[in-house]
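Visitor: Okay, so here is entry_33.txt, and as you'll see once you scroll down, it has compact mmCIF, C-alpha atoms.
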# COMPACT_ATOMS: atom_id res chain seq x y z
CA MET A 1 55.09 65.42 69.66
CA GLN A 2 58.35 65.14 71.60
CA GLN A 3 60.27 66.30 68.55
CA SER A 4 57.99 69.31 68.21
CA THR A 5 58.49 70.17 71.89
CA SER A 6 62.26 69.86 71.52
CA GLN A 7 62.20 72.12 68.50
CA GLN A 8 60.14 74.65 70.44
CA ASN A 9 62.57 74.52 73.37
CA GLY A 10 65.51 74.84 70.99
CA GLY A 11 63.87 77.86 69.41
CA LYS A 12 63.30 79.40 72.85
CA ASP A 13 66.95 78.80 73.80
CA ALA A 14 68.17 80.41 70.58
CA SER A 15 65.84 83.36 71.10
CA SER A 16 67.02 83.74 74.69
CA GLU A 17 70.63 83.66 73.57
CA LYS A 18 69.99 86.32 70.92
CA ALA A 19 68.12 88.45 73.46
CA GLY A 20 71.03 88.10 75.87
CA ARG A 21 73.48 89.20 73.20
CA ARG A 22 71.28 92.16 72.31
CA ALA A 23 71.02 93.16 75.97
CA ALA A 24 74.81 92.93 76.43
CA SER A 25 75.35 95.01 73.29
CA PHE A 26 72.86 97.59 74.53
CA VAL A 27 74.59 97.87 77.91
CA ALA A 28 78.01 98.23 76.23
CA ALA A 29 76.68 100.87 73.83
CA ALA A 30 75.05 102.77 76.69
CA GLY A 31 78.32 102.75 78.63
CA LEU A 32 80.25 104.00 75.62
CA LEU A 33 77.66 106.72 75.01
CA CYS A 34 77.99 107.87 78.63
CA PHE A 35 81.78 107.99 78.18
CA VAL A 36 81.42 110.04 74.99
CA ILE A 37 78.93 112.46 76.57
CA GLY A 38 81.05 112.80 79.73
CA THR A 39 84.20 113.43 77.73
CA SER A 40 82.41 115.96 75.52
CA ILE A 41 81.22 117.85 78.59
CA MET A 42 84.74 117.85 80.02
CA LEU A 43 86.16 119.13 76.74
CA TYR A 44 83.54 121.89 76.63
CA THR A 45 84.22 122.83 80.24
CA THR A 46 87.98 122.78 79.74
CA ASN A 47 87.77 124.95 76.62
CA ARG A 48 86.00 127.55 78.75
CA SER A 49 88.68 127.34 81.43
CA SER A 50 92.41 127.99 81.38
CA SER A 51 93.31 125.14 83.73
CA PRO A 52 93.57 121.45 82.75
CA ILE A 53 91.17 118.90 84.21
CA ALA A 54 92.28 116.55 86.95
CA MET A 55 90.68 113.15 86.37
CA THR A 56 90.33 110.05 88.45
CA HIS A 57 89.23 106.65 87.23
CA PRO A 58 88.01 103.53 89.00
CA ASN A 59 90.55 101.00 90.14
CA ILE A 60 90.09 97.91 87.95
CA ASP A 61 91.33 94.52 89.13
CA ALA A 62 94.32 93.11 87.27
CA GLU A 63 93.53 90.86 84.31
CA ILE A 64 97.04 89.74 83.50
CA GLU A 65 100.22 89.84 85.51
CA GLU A 66 103.65 89.60 83.95
CA THR A 67 106.07 87.71 86.13
CA SER A 68 109.81 87.37 85.88
CA SER A 69 110.88 83.96 84.62
CA SER A 70 114.52 84.35 85.62
CA SER A 71 115.95 84.59 89.06
CA SER A 72 118.14 87.59 89.77
CA ALA A 73 120.81 85.30 91.21
CA SER A 74 121.30 83.68 87.82
CA LEU A 75 121.68 87.09 86.19
CA LEU A 76 124.13 88.63 88.66
CA ARG A 77 127.41 87.01 87.66
CA PRO A 78 130.97 87.40 88.98
CA THR A 79 132.04 89.14 85.77
CA ARG A 80 129.51 91.01 83.68
CA ARG A 81 129.96 90.50 79.94
CA ALA A 82 131.54 93.64 78.57
CA LEU A 83 129.48 95.91 76.36
CA SER A 84 132.08 95.42 73.62
CA GLU A 85 130.99 91.77 73.42
CA LEU A 86 127.43 92.85 72.79
CA VAL A 87 128.21 95.36 70.07
CA ARG A 88 131.48 95.33 68.18
CA VAL A 89 132.93 96.18 64.77
CA GLU A 90 133.68 93.18 62.57
CA ASP A 91 136.41 93.60 59.96
CA GLY A 92 135.46 97.26 59.58
CA GLU A 93 132.29 96.30 57.70
CA ASP A 94 129.51 95.70 60.22
CA LEU A 95 128.95 98.18 63.03
CA CYS A 96 127.41 95.64 65.38
CA SER A 97 127.30 91.90 66.02
CA TYR A 98 123.97 91.50 67.77
CA LYS A 99 122.96 88.11 66.38
CA ARG A 100 125.31 86.17 68.65
CA ALA A 101 124.66 88.41 71.62
CA ARG A 102 120.95 87.72 71.67
CA LEU A 103 121.62 84.05 72.25
CA ILE A 104 123.42 84.90 75.50
CA ALA A 105 121.59 86.08 78.62
CA VAL A 106 122.42 89.69 79.41
CA ALA A 107 123.53 90.04 83.01
CA LEU A 108 122.70 92.50 85.74
CA ALA A 109 125.46 95.03 86.37
CA GLU A 110 128.08 94.25 89.02
CA HIS A 111 128.45 97.93 89.82
CA ASP A 112 125.78 100.38 90.96
CA VAL A 113 123.61 101.92 88.27
CA SER A 114 120.64 104.27 88.39
CA PRO A 115 117.81 102.45 86.61
CA THR A 116 115.30 104.11 84.29
CA TYR A 117 111.60 103.36 84.24
CA GLN A 118 110.65 101.84 80.86
CA ALA A 119 107.00 102.86 80.98
CA SER A 120 104.33 102.07 78.41
CA PHE A 121 100.65 101.27 78.15
CA PRO A 122 100.16 97.56 77.31
CA GLY A 123 100.40 96.89 73.59
CA SER A 124 102.87 99.73 72.95
CA GLY A 125 106.02 97.80 72.13
CA ALA A 126 107.30 97.11 75.65
CA ARG A 127 109.08 93.94 74.60
CA MET A 128 110.74 95.62 71.62
CA THR A 129 111.86 98.57 73.78
CA HIS A 130 113.12 96.12 76.39
CA GLU A 131 115.34 94.41 73.80
CA LEU A 132 116.52 97.75 72.44
CA ILE A 133 117.60 99.08 75.84
CA ARG A 134 119.46 95.85 76.59
CA ALA A 135 121.27 96.10 73.27
CA LEU A 136 122.17 99.75 73.82
CA THR A 137 123.62 99.17 77.29
CA GLY A 138 124.54 95.50 77.67
CA ILE A 139 122.80 95.38 81.07
CA ALA A 140 119.70 93.39 82.03
CA ILE A 141 116.27 94.89 82.55
CA SER A 142 113.83 93.94 85.31
CA THR A 143 110.04 93.90 85.37
CA ASP A 144 108.26 95.98 87.99
CA HIS A 145 106.97 92.77 89.60
CA ALA A 146 110.50 91.38 89.97
CA TYR A 147 112.02 94.68 91.11
CA ALA A 148 109.41 95.04 93.84
CA VAL A 149 110.38 91.77 95.55
CA GLU A 150 113.95 90.91 94.47
CA THR A 151 116.36 93.31 96.14
CA ASP A 152 119.30 91.86 94.19
CA ARG A 153 117.99 93.78 91.20
CA HIS A 154 118.06 97.14 92.96
CA ARG A 155 120.67 99.45 91.39
CA HIS A 156 121.87 96.58 89.16
CA SER A 157 119.17 96.81 86.44
CA VAL A 158 119.55 99.37 83.68
CA ALA A 159 115.77 99.77 83.42
CA VAL A 160 112.52 98.50 84.88
CA LYS A 161 109.72 97.62 82.46
CA THR A 162 106.38 98.74 83.83
CA HIS A 163 102.78 99.30 82.74
CA TYR A 164 101.82 100.97 86.03
CA PRO A 165 99.31 102.46 86.83
CA ASP A 166 97.56 100.08 84.45
CA PRO A 167 96.32 97.06 86.45
CA ASN A 168 99.05 94.98 84.79
CA GLY A 169 101.75 96.97 86.62
CA VAL A 170 102.79 97.42 90.25
CA PRO A 171 103.77 100.69 91.99
CA LEU A 172 107.45 101.33 92.75
CA ASP A 173 107.15 104.83 94.19
CA GLU A 174 109.05 103.81 97.32
CA PHE A 175 112.13 103.20 95.17
CA ASP A 176 111.95 106.48 93.21
CA ASP A 177 115.15 107.80 94.78
CA GLN A 178 117.07 104.99 93.02
CA PHE A 179 115.83 105.99 89.55
CA HIS A 180 117.39 108.23 86.94
CA GLY A 181 114.01 109.03 85.36
CA ALA A 182 111.63 107.46 82.88
CA VAL A 183 111.32 106.69 79.17
CA LEU A 184 107.63 106.86 78.32
CA VAL A 185 106.67 105.04 75.10
CA ILE A 186 103.28 106.05 73.69
CA ARG A 187 101.32 104.36 70.91
CA HIS A 188 98.09 105.32 69.16
CA PRO A 189 95.30 103.87 71.36
CA ALA A 190 93.42 102.45 68.36
CA LYS A 191 96.49 100.26 67.71
CA ALA A 192 97.74 99.66 71.26
CA ILE A 193 94.44 98.27 72.59
CA PRO A 194 94.10 95.50 69.94
CA SER A 195 97.79 94.64 70.42
CA PHE A 196 97.21 94.25 74.16
CA PHE A 197 94.12 92.14 73.48
CA ASN A 198 96.13 89.78 71.28
CA PHE A 199 98.64 89.40 74.12
CA TRP A 200 95.79 88.72 76.56
CA TYR A 201 94.26 86.17 74.15
CA GLU A 202 97.60 84.34 73.87
CA ARG A 203 97.99 84.16 77.64
CA VAL A 204 94.45 82.92 78.26
CA HIS A 205 94.80 80.21 75.60
CA HIS A 206 98.37 79.26 76.59
CA LEU A 207 99.84 80.31 73.24
CA ALA A 208 103.35 81.53 72.58
CA ASN A 209 103.90 85.28 72.87
CA HIS A 210 103.50 87.22 69.62
CA SER A 211 102.26 84.12 67.77
CA THR A 212 98.52 84.64 67.32
CA ARG A 213 96.02 87.37 66.51
CA ALA A 214 92.69 86.78 68.22
CA PRO A 215 89.72 85.81 65.99
CA LEU A 216 87.54 88.68 64.82
CA GLU A 217 84.53 87.62 66.87
CA GLU A 218 86.65 87.54 70.06
CA TRP A 219 88.01 91.02 69.33
CA ILE A 220 84.49 92.38 68.83
CA LYS A 221 83.31 90.94 72.16
CA PHE A 222 86.28 92.49 73.95
CA ARG A 223 85.96 95.79 72.09
CA ASP A 224 82.25 96.17 72.80
CA THR A 225 82.54 95.37 76.50
CA SER A 226 85.95 96.80 77.44
CA LEU A 227 86.79 99.79 75.24
CA VAL A 228 85.65 102.42 77.77
CA ARG A 229 87.72 100.79 80.50
CA GLN A 230 90.78 100.56 78.23
CA LEU A 231 90.50 104.22 77.24
CA GLN A 232 90.33 105.14 80.92
CA HIS A 233 93.45 103.07 81.60
CA TYR A 234 95.21 104.73 78.68
CA GLN A 235 94.43 108.16 80.12
CA GLN A 236 95.45 107.13 83.62
CA HIS A 237 98.77 105.82 82.35
CA MET A 238 99.67 109.00 80.46
CA ASP A 239 98.46 111.23 83.28
CA TYR A 240 100.51 109.38 85.88
CA TRP A 241 103.86 109.60 84.08
CA MET A 242 103.39 113.16 82.85
CA ASN A 243 102.38 114.36 86.30
CA LYS A 244 105.09 112.35 88.06
CA TYR A 245 107.80 114.50 86.47
CA GLU A 246 105.79 117.71 86.14
CA GLU A 247 108.33 119.58 88.28
CA ASN A 248 111.36 118.13 86.48
CA MET A 249 110.56 117.25 82.89
CA GLU A 250 114.25 116.71 82.13
CA LYS A 251 113.85 113.36 83.89
CA LEU A 252 111.15 112.23 81.45
CA LEU A 253 111.81 111.22 77.84
CA VAL A 254 108.63 110.81 75.76
CA VAL A 255 108.89 108.82 72.52
CA THR A 256 106.27 107.19 70.31
CA TYR A 257 106.07 103.63 69.07
CA GLU A 258 105.36 105.02 65.62
CA ASP A 259 108.62 107.04 65.58
CA LEU A 260 110.60 104.16 67.01
CA THR A 261 109.50 101.84 64.21
CA ASP A 262 109.70 104.42 61.41
CA ASP A 263 112.42 103.88 58.79
CA VAL A 264 113.61 107.50 59.02
CA LYS A 265 112.81 108.50 62.60
CA GLY A 266 113.65 105.13 64.18
CA PRO A 267 117.44 105.54 64.43
CA GLU A 268 117.03 109.15 65.58
CA THR A 269 114.58 108.12 68.30
CA THR A 270 116.90 105.30 69.37
CA ALA A 271 119.75 107.82 69.64
CA ARG A 272 117.60 109.96 71.95
CA ILE A 273 116.94 106.93 74.15
CA ALA A 274 120.65 106.04 74.22
CA LYS A 275 121.59 109.60 75.21
CA PHE A 276 118.99 109.62 77.99
CA LEU A 277 120.12 106.24 79.35
CA GLY A 278 123.79 107.20 79.08
CA ALA A 279 123.26 110.14 81.42
CA ALA A 280 122.34 107.74 84.25
CA GLU A 281 124.87 106.81 86.90
CA GLY A 282 126.91 103.72 85.96
CA VAL A 283 125.43 103.33 82.45
CA GLN A 284 127.54 103.25 79.31
CA THR A 285 125.80 103.01 75.94
CA VAL A 286 127.07 101.89 72.55
CA PRO A 287 129.09 104.26 70.34
CA PRO A 288 126.86 106.63 68.32
CA GLU A 289 127.99 105.04 65.06
CA SER A 290 126.54 101.68 66.18
CA ILE A 291 123.04 102.93 67.03
CA GLU A 292 121.50 102.61 63.56
CA CYS A 293 122.84 99.06 63.22
CA ILE A 294 121.41 98.10 66.61
CA TRP A 295 118.05 99.66 65.69
CA LYS A 296 117.89 97.70 62.43
CA LYS A 297 118.61 94.39 64.11
CA VAL A 298 116.35 94.86 67.14
CA VAL A 299 113.42 96.77 65.67
CA LYS A 300 113.53 95.73 62.01
CA TYR A 301 114.98 92.22 62.55
CA GLU A 302 117.52 92.76 59.77
CA ASP A 303 120.19 90.11 59.23
CA ILE A 304 119.57 88.28 62.50
CA GLY A 305 118.75 84.86 61.07
CA ILE A 306 117.36 82.43 63.61
CA ASP A 307 116.89 85.23 66.12
CA LEU A 308 113.80 86.25 64.17
CA LYS A 309 111.94 84.19 66.77
CA PHE A 310 112.30 87.16 69.11
CA GLY A 311 110.11 89.29 66.83
CA SER A 312 106.33 89.41 66.57
CA LYS A 313 105.00 86.94 63.98
CA ARG A 314 101.33 86.91 64.85
CA LYS A 315 99.07 85.03 62.44
CA GLY A 316 95.34 84.62 62.05
CA GLY A 317 92.71 87.14 63.10
CA PRO A 318 92.37 90.65 61.65
CA LYS A 319 95.48 92.76 61.02
CA ASN A 320 93.40 95.92 61.28
CA ASN A 321 90.90 95.52 64.08
CA PRO A 322 87.59 97.26 63.25
CA TYR A 323 85.77 99.82 65.41
CA THR A 324 82.27 101.23 65.10
CA ASP A 325 81.85 104.92 64.31
CA ILE A 326 80.88 105.80 67.89
CA GLN A 327 83.92 103.92 69.20
CA LEU A 328 86.22 105.85 66.87
CA PHE A 329 84.53 109.04 68.06
CA ALA A 330 85.18 108.08 71.70
CA ILE A 331 88.87 107.40 70.97
CA GLN A 332 89.22 110.78 69.27
CA LEU A 333 87.46 112.63 72.10
CA MET A 334 89.79 111.04 74.64
CA MET A 335 92.86 112.22 72.71
CA GLN A 336 91.40 115.71 72.36
CA GLU A 337 90.98 115.77 76.12
CA GLN A 338 94.60 114.69 76.61
CA ARG A 339 95.78 117.39 74.19
CA ILE A 340 93.99 120.06 76.22
CA LYS A 341 95.10 118.59 79.53
CA PHE A 342 98.78 118.78 78.52
CA GLN A 343 98.55 121.96 76.47
CA ASN A 344 101.64 123.29 78.25
CA HIS A 345 103.73 120.41 76.90
CA PRO A 346 104.32 121.06 73.17
CA GLU A 347 105.71 117.57 72.55
CA MET A 348 102.57 115.88 73.88
CA VAL A 349 100.34 118.29 71.98
CA GLU A 350 102.21 117.42 68.77
CA ILE A 351 101.80 113.68 69.44
CA MET A 352 98.08 114.00 70.13
CA ASN A 353 97.66 116.14 66.98
CA ARG A 354 99.34 113.41 64.93
CA TYR A 355 97.17 110.71 66.47
CA ILE A 356 93.96 112.69 65.97
CA GLY A 357 94.95 113.32 62.35
CA ALA A 358 95.53 109.59 61.86
CA MET A 359 91.92 108.89 62.86
CA ALA A 360 90.90 109.90 59.32
CA ASP A 361 92.59 106.72 58.07
CA LEU A 362 90.44 104.50 60.30
CA GLU A 363 87.18 103.70 58.55
CA PRO A 364 84.29 102.72 60.85
CA GLU A 365 83.14 99.17 60.31
CA VAL A 366 80.09 97.43 61.71
CA VAL A 367 80.49 93.67 61.64
CA THR A 368 77.57 91.30 62.13
CA ILE A 369 78.47 88.02 63.80
For this file, write the structure as structure tokens.
Guide:
Amino acid sequence: MQQSTSQQNGGKDASSEKAGRRAASFVAAAGLLCFVIGTSIMLYTTNRSSSPIAMTHPNIDAEIEETSSSSSASLLRPTRRALSELVRVEDGEDLCSYKRARLIAVALAEHDVSPTYQASFPGSGARMTHELIRALTGIAISTDHAYAVETDRHRHSVAVKTHYPDPNGVPLDEFDDQFHGAVLVIRHPAKAIPSFFNFWYERVHHLANHSTRAPLEEWIKFRDTSLVRQLQHYQQHMDYWMNKYEENMEKLLVVTYEDLTDDVKGPETTARIAKFLGAAEGVQTVPPESIECIWKKVVKYEDIGIDLKFGSKRKGGPKNNPYTDIQLFAIQLMMQEQRIKFQNHPEMVEIMNRYIGAMADLEPEVVTI
């Protein structure tokens, strides 16, 4: 009799758990449907109007905060290592010697420099871009969290890595007069969001950065409960940086993660970044003939031996994170809205067109756990 009662209770618990999961899935689906309908209405309204839509989104509490692990005092040295030590010709054969340089901490500049915002939505190659800018200039980069509180970094950092206005970033508007401008790195949202989730999963489980892809079931839980919020953050981030320099677009360089990692466009995109950084006060970049070599060693990890540990080597979990058909539809609608919103910026229109076109390669997949 007791066994029968236990079995009945166990059955009730299992049923309750399944009902709870169904209810959570229903709520998530309803939220996504509202997002899709709302975005569709905005697109329809915007297509009937000549002016872009101004959007506001709720302020979401931070989930992860990146903190600086090094003190600025340890980076600001009496004599900054010369750029020629970071990148130099060896016996006329190799255009750069970056392997040795990456084992040495890059210092803050002794002299005054005008820093550049290194802005990107989480999961869009911030770490890679960080390493690339350091290699191109030989000067240390700060995080927005460190720059906000450590005045030693002011006008001694070549760039400041930031995800603001995403909850993982902090505002630095009060220091805008110190900045040369911003490099905005954009990545397809269907790829950036899973990459950010993997980072979040590593932090929560105390795993090394770029070591682990989250299990499929964990991705699906995150995707089904957080996609709308992440798409809103993605929009907010793009809107903020595009609008920040609306009156002076020469101070904003927009590049894509896809171009930066492309075998053909990568060196060209890196050269654009170097030119933009080199126009800042106090910043000297590597010779043009060294740029392709630097790109290969930082972005493609070519010939850097043990320094491969700096690259992403995530294992486990899905390489291509699945979305449902309605989720893919929501992602596409968001990008269509951004394309209309920035219709006066041909470069952004071209990027959104590329991203929308790439949606055809993403097959919807419904996974049953």
Visitor: Hey, which bits of region 153-215 of chain A sit within 10 Å of region 347-359 of chain A, and for each residue what's the closest pair of atoms and how far apart in Å (one decimal), counting only C-alpha atoms, rows by chain and increasing number, as CSV?
Guide:
residue,atom,partner,partner_atom,distance
A:Ile186,CA,A:Ile351,CA,8.9
A:Arg187,CA,A:Tyr355,CA,8.8
A:His188,CA,A:Tyr355,CA,6.1
A:Pro189,CA,A:Tyr355,CA,8.6
A:Ala190,CA,A:Met359,CA,8.6
Visitor: Of the candidates A:Pro165, A:Pro364, A:Pro115, A:Pro171, which one gets nearest to Thr324 (chain A) if we count all atoms listed in the file?
Guide: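 With all atoms listed in the file as the atom set, the closest residue is A:Pro364.
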Visitor: Could you check which residues have any atom within 8 Å of (111.9, 97.5, 64.5), counting only C-alpha atoms with coordinates taken straight from the file, and then list them as a PyMOL selection string?
Guide: chain A and resi 128+260-262+266+295-301
Visitor: Go ahead and compute the interatomic distance for CA of Val170 (chain A) and CA of Leu277 (chain A), in Å to one decimal.
Guide: 22.3 Å
Visitor: Separation of CA of Met242 (chain A) and CA of Asp259 (chain A), in Å?
Guide: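 Result for CA of Met242 (chain A) versus CA of Asp259 (chain A): 19.1 Å, one decimal.
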Visitor: Which distance in Å separates CA of Thr270 (chain A) and CA of Thr162 (chain A), to one decimal?
Guide: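 Going from CA of Thr270 (chain A) over to CA of Thr162 (chain A) covers 19.0 Å.
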Visitor: Nearest residue to Leu253 (chain A) out of A:Val158, A:Ala208, A:Ile133, A:Leu184, using only C-alpha atoms?
Guide: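 That would be A:Leu184, the residue with the smallest distance to Leu253 (chain A).
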Visitor: With all atoms listed in the file as the basis for distance, which of A:Gln332, A:Asp144, A:Ile273, A:Val204 is at the shortest distance from Asp173 (chain A)?
Guide: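 Selected residue with least distance to Asp173 (chain A): A:Asp144.
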Visitor: Let me make sure I understand: among A:Phe197, A:Ala148, A:Val106, A:His154, which one has the smallest atom-to-atom distance to Ile220 (chain A) if we use all atoms listed in the file?
Guide: A:Phe197
